[in-house]
>>> print(open('entry-v6.pdb').read())   # PDB, C-alpha atoms
ATOM      1  CA  GLN Y   1       0.000   0.000   0.000
ATOM      2  CA  ALA Y   2       1.153   3.483  -0.747
ATOM      3  CA  SER Y   3       1.916   5.669   2.226
ATOM      4  CA  ALA Y   4      -0.244   8.693   3.031
ATOM      5  CA  ARG Y   5       0.634  11.755   0.935
ATOM      6  CA  SER Y   6       2.510  14.534   2.662
ATOM      7  CA  ASP Y   7       2.296  17.226  -0.041
ATOM      8  CA  GLY Y   8      -0.451  19.055   1.884
ATOM      9  CA  LYS Y   9      -3.286  18.079  -0.450
ATOM     10  CA  PHE Y  10      -5.141  16.383   2.377
ATOM     11  CA  SER Y  11      -3.627  18.346   5.252
ATOM     12  CA  HIS Y  12      -6.904  20.167   5.952
ATOM     13  CA  MET Y  13      -8.809  16.908   6.316
ATOM     14  CA  CYS Y  14      -8.948  14.846   9.474
ATOM     15  CA  ARG Y  15      -9.457  11.132   9.944
ATOM     16  CA  SER Y  16     -13.162  11.596  10.665
ATOM     17  CA  ASP Y  17     -13.660  13.181   7.239
ATOM     18  CA  PHE Y  18     -12.997   9.756   5.754
ATOM     19  CA  THR Y  19     -14.604   7.566   8.446
ATOM     20  CA  ASP Y  20     -17.981   9.266   8.131
ATOM     21  CA  ASP Y  21     -18.206   7.986   4.571
ATOM     22  CA  PHE Y  22     -18.337   4.415   5.779
ATOM     23  CA  SER Y  23     -21.557   2.821   6.976
ATOM     24  CA  PRO Y  24     -21.453   1.357  10.509
ATOM     25  CA  SER Y  25     -22.699  -1.908   9.059
ATOM     26  CA  VAL Y  26     -19.460  -2.415   7.103
ATOM     27  CA  THR Y  27     -17.251  -4.567   9.315
ATOM     28  CA  SER Y  28     -15.425  -6.916   6.988
ATOM     29  CA  PRO Y  29     -12.217  -5.874   5.231
ATOM     30  CA  SER Y  30     -12.212  -5.102   1.547
ATOM     31  CA  PRO Y  31     -11.457  -8.121  -0.627
ATOM     32  CA  SER Y  32      -7.818  -8.477  -1.502
ATOM     33  CA  VAL Y  33      -6.791  -7.332  -4.946
ATOM     34  CA  THR Y  34      -4.771  -9.766  -7.048
ATOM     35  CA  SER Y  35      -1.584  -8.216  -8.392
ATOM     36  CA  PRO Y  36      -1.503  -7.928 -12.195
ATOM     37  CA  SER Y  37       0.671 -10.338 -14.128
ATOM     38  CA  PRO Y  38       4.140  -9.082 -15.162
ATOM     39  CA  SER Y  39       3.064  -9.018 -18.804
ATOM     40  CA  LYS Y  40       0.352  -6.464 -18.102
ATOM     41  CA  THR Y  41       0.719  -2.938 -16.869
ATOM     42  CA  SER Y  42      -1.772  -1.064 -14.744
ATOM     43  CA  PRO Y  43      -2.009   2.587 -13.742
ATOM     44  CA  LYS Y  44      -0.568   3.565 -10.374
ATOM     45  CA  THR Y  45      -3.278   3.814  -7.716
ATOM     46  CA  THR Y  46      -3.396   4.879  -4.082
ATOM     47  CA  ASN Y  47      -4.963   2.320  -1.745
ATOM     48  CA  PHE Y  48      -6.767   3.588   1.339
ATOM     49  CA  ALA Y  49      -7.076   1.544   4.520
ATOM     50  CA  PRO Y  50      -9.787  -1.126   4.501
ATOM     51  CA  ALA Y  51     -13.060  -0.196   6.132
ATOM     52  CA  SER Y  52     -12.480  -2.768   8.896
ATOM     53  CA  ARG Y  53      -9.521  -0.763  10.193
ATOM     54  CA  ILE Y  54     -11.719   2.253  10.770
ATOM     55  CA  SER Y  55     -13.902   1.875  13.828
ATOM     56  CA  PRO Y  56     -17.517   2.033  12.578
ATOM     57  CA  ARG Y  57     -19.726   4.630  14.197
ATOM     58  CA  SER Y  58     -22.923   6.493  13.498
ATOM     59  CA  SER Y  59     -22.575   9.381  11.108
ATOM     60  CA  ARG Y  60     -22.248  12.617  13.046
ATOM     61  CA  THR Y  61     -24.857  15.309  12.807
ATOM     62  CA  ARG Y  62     -24.143  18.886  13.751
ATOM     63  CA  LEU Y  63     -25.636  19.867  17.115
ATOM     64  CA  PRO Y  64     -27.588  23.131  16.666
ATOM     65  CA  ILE Y  65     -26.115  25.990  18.710
ATOM     66  CA  LEU Y  66     -28.601  28.274  20.461
ATOM     67  CA  SER Y  67     -26.147  30.484  22.364
ATOM     68  CA  TYR Y  68     -22.357  30.676  22.488
ATOM     69  CA  THR Y  69     -20.281  32.793  24.880
ATOM     70  CA  SER Y  70     -16.761  32.725  26.272
ATOM     71  CA  SER Y  71     -17.892  30.625  29.271
ATOM     72  CA  TYR Y  72     -20.691  28.374  28.002
ATOM     73  CA  VAL Y  73     -22.593  27.033  25.005
ATOM     74  CA  CYS Y  74     -26.248  26.039  24.827
ATOM     75  CA  ILE Y  75     -27.406  23.553  22.186
ATOM     76  CA  ASN Y  76     -30.738  22.189  21.019
ATOM     77  CA  LYS Y  77     -30.249  18.526  21.915
ATOM     78  CA  PRO Y  78     -31.845  16.048  19.481
ATOM     79  CA  PHE Y  79     -33.919  13.224  20.910
ATOM     80  CA  GLY Y  80     -32.387   9.749  21.011
ATOM     81  CA  ILE Y  81     -28.898  10.696  22.205
ATOM     82  CA  SER Y  82     -27.565  10.633  25.778
ATOM     83  CA  THR Y  83     -26.020  13.709  27.401
ATOM     84  CA  HIS Y  84     -22.908  11.835  28.527
ATOM     85  CA  HIS Y  85     -21.679   8.317  29.181
ATOM     86  CA  SER Y  86     -23.270   6.622  32.170
ATOM     87  CA  ALA Y  87     -24.111   3.152  33.428
ATOM     88  CA  SER Y  88     -27.344   3.220  31.415
ATOM     89  CA  SER Y  89     -25.675   4.455  28.212
ATOM     90  CA  ARG Y  90     -22.577   2.251  28.011
ATOM     91  CA  SER Y  91     -23.901   0.529  24.919
ATOM     92  CA  ARG Y  92     -24.584   3.855  23.192
ATOM     93  CA  ARG Y  93     -21.446   4.979  21.454
ATOM     94  CA  LEU Y  94     -22.672   8.431  20.505
ATOM     95  CA  VAL Y  95     -23.220  10.936  23.329
ATOM     96  CA  VAL Y  96     -23.678  14.705  23.263
ATOM     97  CA  SER Y  97     -20.607  15.605  25.331
ATOM     98  CA  THR Y  98     -18.264  13.750  22.966
ATOM     99  CA  SER Y  99     -19.954  14.992  19.797
ATOM    100  CA  LEU Y 100     -19.953  18.605  21.011
ATOM    101  CA  LYS Y 101     -16.297  18.391  22.005
ATOM    102  CA  ARG Y 102     -15.441  17.307  18.456
ATOM    103  CA  GLN Y 103     -17.700  19.928  16.899
ATOM    104  CA  LEU Y 104     -16.226  22.810  18.917
ATOM    105  CA  SER Y 105     -12.699  21.413  19.188
ATOM    106  CA  ARG Y 106     -12.640  22.124  22.919
ATOM    107  CA  LYS Y 107     -13.582  20.354  26.135
ATOM    108  CA  VAL Y 108     -17.090  20.862  27.497
ATOM    109  CA  TYR Y 109     -18.620  20.298  30.942
ATOM    110  CA  PRO Y 110     -22.350  19.528  31.285
ATOM    111  CA  VAL Y 111     -24.221  21.946  33.531
ATOM    112  CA  HIS Y 112     -27.334  19.767  33.655
ATOM    113  CA  ARG Y 113     -28.639  16.766  31.738
ATOM    114  CA  LEU Y 114     -31.616  15.648  29.676
ATOM    115  CA  ASP Y 115     -32.935  12.116  29.357
ATOM    116  CA  HIS Y 116     -31.922  10.062  26.319
ATOM    117  CA  ARG Y 117     -35.221  10.645  24.482
ATOM    118  CA  THR Y 118     -35.823  14.206  25.731
ATOM    119  CA  SER Y 119     -34.834  17.022  23.376
ATOM    120  CA  GLY Y 120     -34.250  20.744  23.881
ATOM    121  CA  CYS Y 121     -32.035  23.242  25.714
ATOM    122  CA  LEU Y 122     -28.849  21.708  27.053
ATOM    123  CA  LEU Y 123     -26.161  23.839  28.668
ATOM    124  CA  PHE Y 124     -22.417  23.109  28.691
ATOM    125  CA  ALA Y 125     -19.611  25.148  30.265
ATOM    126  CA  PHE Y 126     -16.034  25.468  29.031
ATOM    127  CA  SER Y 127     -14.449  24.950  32.460
ATOM    128  CA  SER Y 128     -15.304  23.071  35.639
ATOM    129  CA  GLU Y 129     -15.439  26.371  37.544
ATOM    130  CA  ALA Y 130     -17.947  27.844  35.082
ATOM    131  CA  ALA Y 131     -20.003  24.641  35.241
ATOM    132  CA  ALA Y 132     -20.240  24.831  39.044
ATOM    133  CA  ARG Y 133     -21.254  28.504  38.907
ATOM    134  CA  LEU Y 134     -23.886  27.901  36.226
ATOM    135  CA  GLN Y 135     -25.319  24.942  38.143
ATOM    136  CA  GLN Y 136     -25.928  27.229  41.102
ATOM    137  CA  SER Y 137     -27.449  29.895  38.855
ATOM    138  CA  LEU Y 138     -29.676  27.390  37.065
ATOM    139  CA  ALA Y 139     -31.001  26.164  40.421
ATOM    140  CA  LYS Y 140     -32.225  29.733  41.021
ATOM    141  CA  GLY Y 141     -33.482  30.157  37.462
ATOM    142  CA  GLN Y 142     -36.244  28.418  35.542
ATOM    143  CA  LYS Y 143     -36.563  25.625  32.984
ATOM    144  CA  GLU Y 144     -39.707  25.157  30.940
ATOM    145  CA  TYR Y 145     -40.637  21.922  29.192
ATOM    146  CA  VAL Y 146     -43.408  21.402  26.667
ATOM    147  CA  ALA Y 147     -45.129  18.042  27.049
ATOM    148  CA  LEU Y 148     -47.557  16.214  24.787
ATOM    149  CA  VAL Y 149     -49.645  13.936  27.002
ATOM    150  CA  ARG Y 150     -52.493  11.465  26.723
ATOM    151  CA  GLY Y 151     -56.071  12.533  27.388
ATOM    152  CA  ARG Y 152     -57.931  15.718  28.313
ATOM    153  CA  TRP Y 153     -56.170  17.773  30.996
ATOM    154  CA  PRO Y 154     -58.723  18.614  33.727
ATOM    155  CA  HIS Y 155     -57.240  21.869  35.080
ATOM    156  CA  SER Y 156     -57.637  25.269  33.419
ATOM    157  CA  GLU Y 157     -55.074  27.092  35.573
ATOM    158  CA  THR Y 158     -51.506  26.298  36.616
ATOM    159  CA  TYR Y 159     -51.503  23.138  38.694
ATOM    160  CA  ASN Y 160     -48.970  22.561  41.472
ATOM    161  CA  CYS Y 161     -48.058  18.869  41.486
ATOM    162  CA  SER Y 162     -46.265  17.959  44.718
ATOM    163  CA  LEU Y 163     -46.364  14.170  44.543
ATOM    164  CA  PRO Y 164     -43.252  12.603  46.135
ATOM    165  CA  VAL Y 165     -40.792  10.773  43.912
ATOM    166  CA  THR Y 166     -38.934   7.627  44.944
ATOM    167  CA  VAL Y 167     -35.189   7.844  44.329
ATOM    168  CA  THR Y 168     -32.469   5.233  44.737
ATOM    169  CA  LEU Y 169     -29.412   6.211  46.773
ATOM    170  CA  LYS Y 170     -25.859   5.097  45.977
ATOM    171  CA  ASP Y 171     -26.113   2.243  48.488
ATOM    172  CA  GLY Y 172     -29.270   0.964  46.787
ATOM    173  CA  THR Y 173     -31.655   2.265  49.409
ATOM    174  CA  LYS Y 174     -34.924   3.662  48.047
ATOM    175  CA  VAL Y 175     -36.299   6.775  49.706
ATOM    176  CA  SER Y 176     -39.226   9.071  48.988
ATOM    177  CA  LYS Y 177     -38.235  12.655  48.129
ATOM    178  CA  ALA Y 178     -40.404  15.745  47.991
ATOM    179  CA  SER Y 179     -40.781  17.097  44.460
ATOM    180  CA  THR Y 180     -42.740  19.884  42.810
ATOM    181  CA  THR Y 181     -43.699  20.564  39.200
ATOM    182  CA  LEU Y 182     -45.786  23.519  38.019
ATOM    183  CA  ILE Y 183     -48.010  22.474  35.099
ATOM    184  CA  THR Y 184     -49.750  25.028  32.870
ATOM    185  CA  PRO Y 185     -52.164  23.860  30.143
ATOM    186  CA  LEU Y 186     -51.797  25.333  26.672
ATOM    187  CA  ALA Y 187     -54.448  23.310  24.830
ATOM    188  CA  THR Y 188     -56.414  20.096  25.251
ATOM    189  CA  ASP Y 189     -58.883  17.819  23.497
ATOM    190  CA  ASP Y 190     -60.357  14.394  24.147
ATOM    191  CA  LYS Y 191     -57.267  12.448  23.101
ATOM    192  CA  SER Y 192     -54.257  14.628  23.947
ATOM    193  CA  SER Y 193     -53.087  17.795  25.672
ATOM    194  CA  VAL Y 194     -50.134  20.179  25.355
ATOM    195  CA  LEU Y 195     -48.703  21.347  28.690
ATOM    196  CA  LEU Y 196     -45.937  23.636  29.926
ATOM    197  CA  CYS Y 197     -44.068  22.046  32.830
ATOM    198  CA  SER Y 198     -41.653  23.895  35.137
ATOM    199  CA  PRO Y 199     -39.834  21.639  37.614
ATOM    200  CA  VAL Y 200     -39.140  23.367  40.937
ATOM    201  CA  THR Y 201     -37.082  20.414  42.181
ATOM    202  CA  GLY Y 202     -34.811  18.264  40.074
ATOM    203  CA  ARG Y 203     -35.590  14.612  40.739
ATOM    204  CA  THR Y 204     -34.766  11.935  38.173
ATOM    205  CA  HIS Y 205     -37.541  11.627  35.568
ATOM    206  CA  GLN Y 206     -39.609  13.996  37.703
ATOM    207  CA  ILE Y 207     -41.900  15.390  34.983
ATOM    208  CA  ARG Y 208     -42.413  11.976  33.387
ATOM    209  CA  ARG Y 209     -43.305  10.392  36.730
ATOM    210  CA  HIS Y 210     -45.612  13.206  37.816
ATOM    211  CA  LEU Y 211     -47.586  13.147  34.575
ATOM    212  CA  ARG Y 212     -47.891   9.366  34.748
ATOM    213  CA  ASP Y 213     -49.102   9.512  38.355
ATOM    214  CA  LEU Y 214     -51.654  12.168  37.384
ATOM    215  CA  GLY Y 215     -53.072   9.830  34.732
ATOM    216  CA  HIS Y 216     -51.702  11.750  31.732
ATOM    217  CA  PRO Y 217     -48.496   9.999  30.646
ATOM    218  CA  ILE Y 218     -46.301  11.539  27.993
ATOM    219  CA  ILE Y 219     -46.913  10.347  24.435
ATOM    220  CA  GLY Y 220     -43.968   8.242  23.248
ATOM    221  CA  ASP Y 221     -42.639   7.523  26.744
ATOM    222  CA  SER Y 222     -41.798   3.815  26.633
ATOM    223  CA  ARG Y 223     -40.939   3.616  30.346
ATOM    224  CA  TYR Y 224     -43.691   5.566  32.104
ATOM    225  CA  GLY Y 225     -46.194   5.913  29.276
ATOM    226  CA  ASP Y 226     -49.142   4.017  27.828
ATOM    227  CA  SER Y 227     -47.877   1.596  25.167
ATOM    228  CA  LYS Y 228     -51.294   1.331  23.514
ATOM    229  CA  ALA Y 229     -51.655   5.116  23.228
ATOM    230  CA  ASN Y 230     -48.050   5.390  22.016
ATOM    231  CA  ARG Y 231     -48.681   2.919  19.187
ATOM    232  CA  ALA Y 232     -51.942   4.598  18.199
ATOM    233  CA  PHE Y 233     -50.329   8.044  18.111
ATOM    234  CA  ARG Y 234     -47.311   6.759  16.200
ATOM    235  CA  THR Y 235     -49.568   5.135  13.614
ATOM    236  CA  ALA Y 236     -51.851   8.142  13.225
ATOM    237  CA  HIS Y 237     -49.216  10.903  13.212
ATOM    238  CA  ASN Y 238     -45.860   9.178  12.586
ATOM    239  CA  PHE Y 239     -44.721  10.664  15.894
ATOM    240  CA  THR Y 240     -41.599   8.628  16.679
ATOM    241  CA  CYS Y 241     -39.998  10.732  19.426
ATOM    242  CA  MET Y 242     -40.999  11.259  23.050
ATOM    243  CA  GLY Y 243     -43.355  14.179  23.658
ATOM    244  CA  LEU Y 244     -41.091  16.036  26.095
ATOM    245  CA  HIS Y 245     -38.888  18.968  25.054
ATOM    246  CA  CYS Y 246     -36.909  21.456  27.165
ATOM    247  CA  LEU Y 247     -38.301  24.612  25.594
ATOM    248  CA  SER Y 248     -36.407  27.315  27.472
ATOM    249  CA  ILE Y 249     -33.813  28.084  30.104
ATOM    250  CA  ALA Y 250     -33.874  31.357  32.054
ATOM    251  CA  LEU Y 251     -30.926  32.176  34.304
ATOM    252  CA  PRO Y 252     -31.237  34.782  37.088
ATOM    253  CA  PRO Y 253     -31.014  38.428  35.930
ATOM    254  CA  SER Y 254     -27.649  38.733  37.665
ATOM    255  CA  GLU Y 255     -26.121  36.538  34.948
ATOM    256  CA  GLY Y 256     -27.076  39.095  32.304
ATOM    257  CA  VAL Y 257     -28.204  36.352  29.917
ATOM    258  CA  PRO Y 258     -31.574  36.553  28.138
ATOM    259  CA  PRO Y 259     -33.788  33.437  28.193
ATOM    260  CA  ILE Y 260     -32.638  30.772  25.740
ATOM    261  CA  VAL Y 261     -35.355  29.112  23.645
ATOM    262  CA  ALA Y 262     -34.973  25.795  21.787
ATOM    263  CA  PRO Y 263     -37.361  25.452  18.817
ATOM    264  CA  VAL Y 264     -39.347  22.225  18.792
ATOM    265  CA  ASP Y 265     -39.173  22.088  14.987
ATOM    266  CA  HIS Y 266     -39.042  18.284  14.798
ATOM    267  CA  TRP Y 267     -42.663  18.207  16.058
ATOM    268  CA  HIS Y 268     -43.978  20.544  13.350
ATOM    269  CA  GLU Y 269     -44.488  18.013  10.580
ATOM    270  CA  PRO Y 270     -45.954  15.046  12.500
ATOM    271  CA  LEU Y 271     -48.269  17.242  14.591
ATOM    272  CA  ALA Y 272     -49.466  19.449  11.729
ATOM    273  CA  GLY Y 273     -53.263  19.461  11.744
ATOM    274  CA  LEU Y 274     -53.563  18.222  15.342
ATOM    275  CA  ARG Y 275     -56.090  20.600  16.892
ATOM    276  CA  CYS Y 276     -54.614  20.845  20.368
ATOM    277  CA  TRP Y 277     -51.140  21.454  18.900
ATOM    278  CA  GLU Y 278     -52.387  24.264  16.663
ATOM    279  CA  GLU Y 279     -54.233  25.864  19.586
ATOM    280  CA  ALA Y 280     -51.147  25.584  21.780
ATOM    281  CA  GLY Y 281     -49.035  27.287  19.101
ATOM    282  CA  ALA Y 282     -51.534  30.131  18.893
ATOM    283  CA  LYS Y 283     -51.205  30.626  22.658
ATOM    284  CA  ASP Y 284     -47.403  30.277  22.819
ATOM    285  CA  GLU Y 285     -45.643  31.350  19.618
ATOM    286  CA  ARG Y 286     -42.388  29.701  20.716
ATOM    287  CA  LEU Y 287     -43.848  26.355  19.653
ATOM    288  CA  HIS Y 288     -43.835  27.432  16.002
ATOM    289  CA  LEU Y 289     -40.279  28.797  15.884
ATOM    290  CA  GLU Y 290     -38.165  27.418  13.048
ATOM    291  CA  LYS Y 291     -34.823  25.688  13.544
ATOM    292  CA  VAL Y 292     -32.043  27.882  14.956
ATOM    293  CA  ASP Y 293     -28.312  27.251  14.609
ATOM    294  CA  TYR Y 294     -26.012  30.215  15.201
ATOM    295  CA  LYS Y 295     -22.954  28.912  13.433
ATOM    296  CA  GLY Y 296     -19.875  30.733  12.302
ATOM    297  CA  GLY Y 297     -17.300  28.243  11.080
ATOM    298  CA  SER Y 298     -17.006  25.296  13.431
ATOM    299  CA  ILE Y 299     -17.739  26.925  16.784
ATOM    300  CA  GLY Y 300     -20.829  29.059  16.471
ATOM    301  CA  ARG Y 301     -21.525  32.754  16.749
ATOM    302  CA  ARG Y 302     -20.257  34.370  19.916
ATOM    303  CA  SER Y 303     -23.057  36.324  21.617
ATOM    304  CA  ASP Y 304     -20.558  38.345  23.641
ATOM    305  CA  ARG Y 305     -18.781  39.784  20.609
TER     306      ARG Y 305
END
>>> encode(input="entry-v6.pdb", output="structure tokens")
Amino acid sequence: QASARSDGKFSHMCRSDFTDDFSPSVTSPSPSVTSPSPSKTSPKTTNFAPASRISPRSSRTRLPILSYTSSYVCINKPFGISTHHSASSRSRRLVVSTSLKRQLSRKVYPVHRLDHRTSGCLLFAFSSEAAARLQQSLAKGQKEYVALVRGRWPHSETYNCSLPVTVTLKDGTKVSKASTTLITPLATDDKSSVLLCSPVTGRTHQIRRHLRDLGHPIIGDSRYGDSKANRAFRTAHNFTCMGLHCLSIALPPSEGVPPIVAPVDHWHEPLAGLRCWEEAGAKDERLHLEKVDYKGGSIGRRSDR
């Protein structure tokens, strides 16, 4: 095999520029090529490494940037990808923290996390000190989630759900913890409702558990939801994601950062024509925002410039 060229022709390309062209399903090496007989001549060719030598992985998709400053970046996390590696995501090779590090060419530190199938605002800091500071600020700020749930929501005003949530401690002990979620209806009909949920506490799967316990599980939630309703909604609307999206993050005024909104554009097509969704969009225009990605080169547009 010919050695890699060093004349600079490919100097601007990295290894991933080639690996992304290979499908993850290709695992066997390319068939060997029989050398031509001495009596025949063939043009000189450059042989690249077989596909089996390149570790297969899912093709990378750019993570949309919502806000970029000198201390943090906020992205619109797609559904179906974990925030970082954990015991529950060991088998998932693609995680947001790794993908964002490659995209920005710098290390990132998660300020909070979203579940694997939850989409929306996700904040990362560029240093551990900034991450700790932003975690404290976010605890004093507000996060809003939009949820698509099963059935007609019975309350017309903001409902304070204070049902306790059972959590498992590091030693395996299960304890009941106080938890609070503020739920505001945007629209409802006989089959589904669109709600705004603001968690006051931050228990694991808090919104998903509260809505299940209230009898209105999230559409598409395979763990806490209604499998029959999920299948019916998927068949009728081709809605393949989970109906929970972190719509906005608002830090305290002292941070000097305006609220960050993550468009829920991947719901637009499957939910088009759904009455409660159209009514919710008329009440909260953020639901109809188009995709946002403030990109300038590989890092995004700096909002502090």
>>> atom_distance(input="entry-v6.pdb", atom1="atom CA of Gly141 of chain Y", atom2="atom CA of Pro253 of chain Y")
8.8 Å
>>> closest_residue(input="entry-v6.pdb", among="Y:Val167, Y:Val175, Y:Ala236, Y:Leu211", to="Ala272 of chain Y", atoms="all atoms listed in the file")
Y:Ala236
>>> resolve_selection(input="entry-v6.pdb", expression="the PyMOL selection byres ((chain Y and resi 209) around 12)", output="compact mmCIF listing (two decimals) with C-alpha atoms, in the coordinates of the input")
# COMPACT_ATOMS: atom_id res chain seq x y z
CA CYS Y 161 -48.06 18.87 41.49
CA SER Y 162 -46.26 17.96 44.72
CA LEU Y 163 -46.36 14.17 44.54
CA PRO Y 164 -43.25 12.60 46.14
CA VAL Y 165 -40.79 10.77 43.91
CA THR Y 166 -38.93 7.63 44.94
CA VAL Y 167 -35.19 7.84 44.33
CA SER Y 179 -40.78 17.10 44.46
CA THR Y 180 -42.74 19.88 42.81
CA THR Y 181 -43.70 20.56 39.20
CA PRO Y 199 -39.83 21.64 37.61
CA ARG Y 203 -35.59 14.61 40.74
CA THR Y 204 -34.77 11.94 38.17
CA HIS Y 205 -37.54 11.63 35.57
CA GLN Y 206 -39.61 14.00 37.70
CA ILE Y 207 -41.90 15.39 34.98
CA ARG Y 208 -42.41 11.98 33.39
CA HIS Y 210 -45.61 13.21 37.82
CA LEU Y 211 -47.59 13.15 34.58
CA ARG Y 212 -47.89 9.37 34.75
CA ASP Y 213 -49.10 9.51 38.35
CA LEU Y 214 -51.65 12.17 37.38
CA GLY Y 215 -53.07 9.83 34.73
CA HIS Y 216 -51.70 11.75 31.73
CA PRO Y 217 -48.50 10.00 30.65
CA ILE Y 218 -46.30 11.54 27.99
CA ASP Y 221 -42.64 7.52 26.74
CA ARG Y 223 -40.94 3.62 30.35
CA TYR Y 224 -43.69 5.57 32.10
CA GLY Y 225 -46.19 5.91 29.28
>>> residues_around(input="entry-v6.pdb", residues="segment 279-291 of chain Y", least_positions_apart="3", cutoff="6 Å", atoms="all atoms listed in the file", output="compact mmCIF listing (two decimals) with C-alpha atoms, in the frame of the given file")
# COMPACT_ATOMS: atom_id res chain seq x y z
CA LEU Y 186 -51.80 25.33 26.67
CA ALA Y 187 -54.45 23.31 24.83
CA PRO Y 263 -37.36 25.45 18.82
CA ASP Y 265 -39.17 22.09 14.99
CA CYS Y 276 -54.61 20.84 20.37
>>> resolve_selection(input="entry-v6.pdb", expression="the PyMOL selection byres ((chain Y and resi 99-113) around 6)", output="list in words")
Thr83, Val96, Ser97, Thr98, Leu114, Leu123, Phe124, Ala125, Phe126, Ala131, Gln135 and Ile299 of chain Y
>>> atom_distance(input="entry-v6.pdb", atom1="atom CA of Cys246 of chain Y", atom2="atom CA of Leu196 of chain Y")
9.7 Å
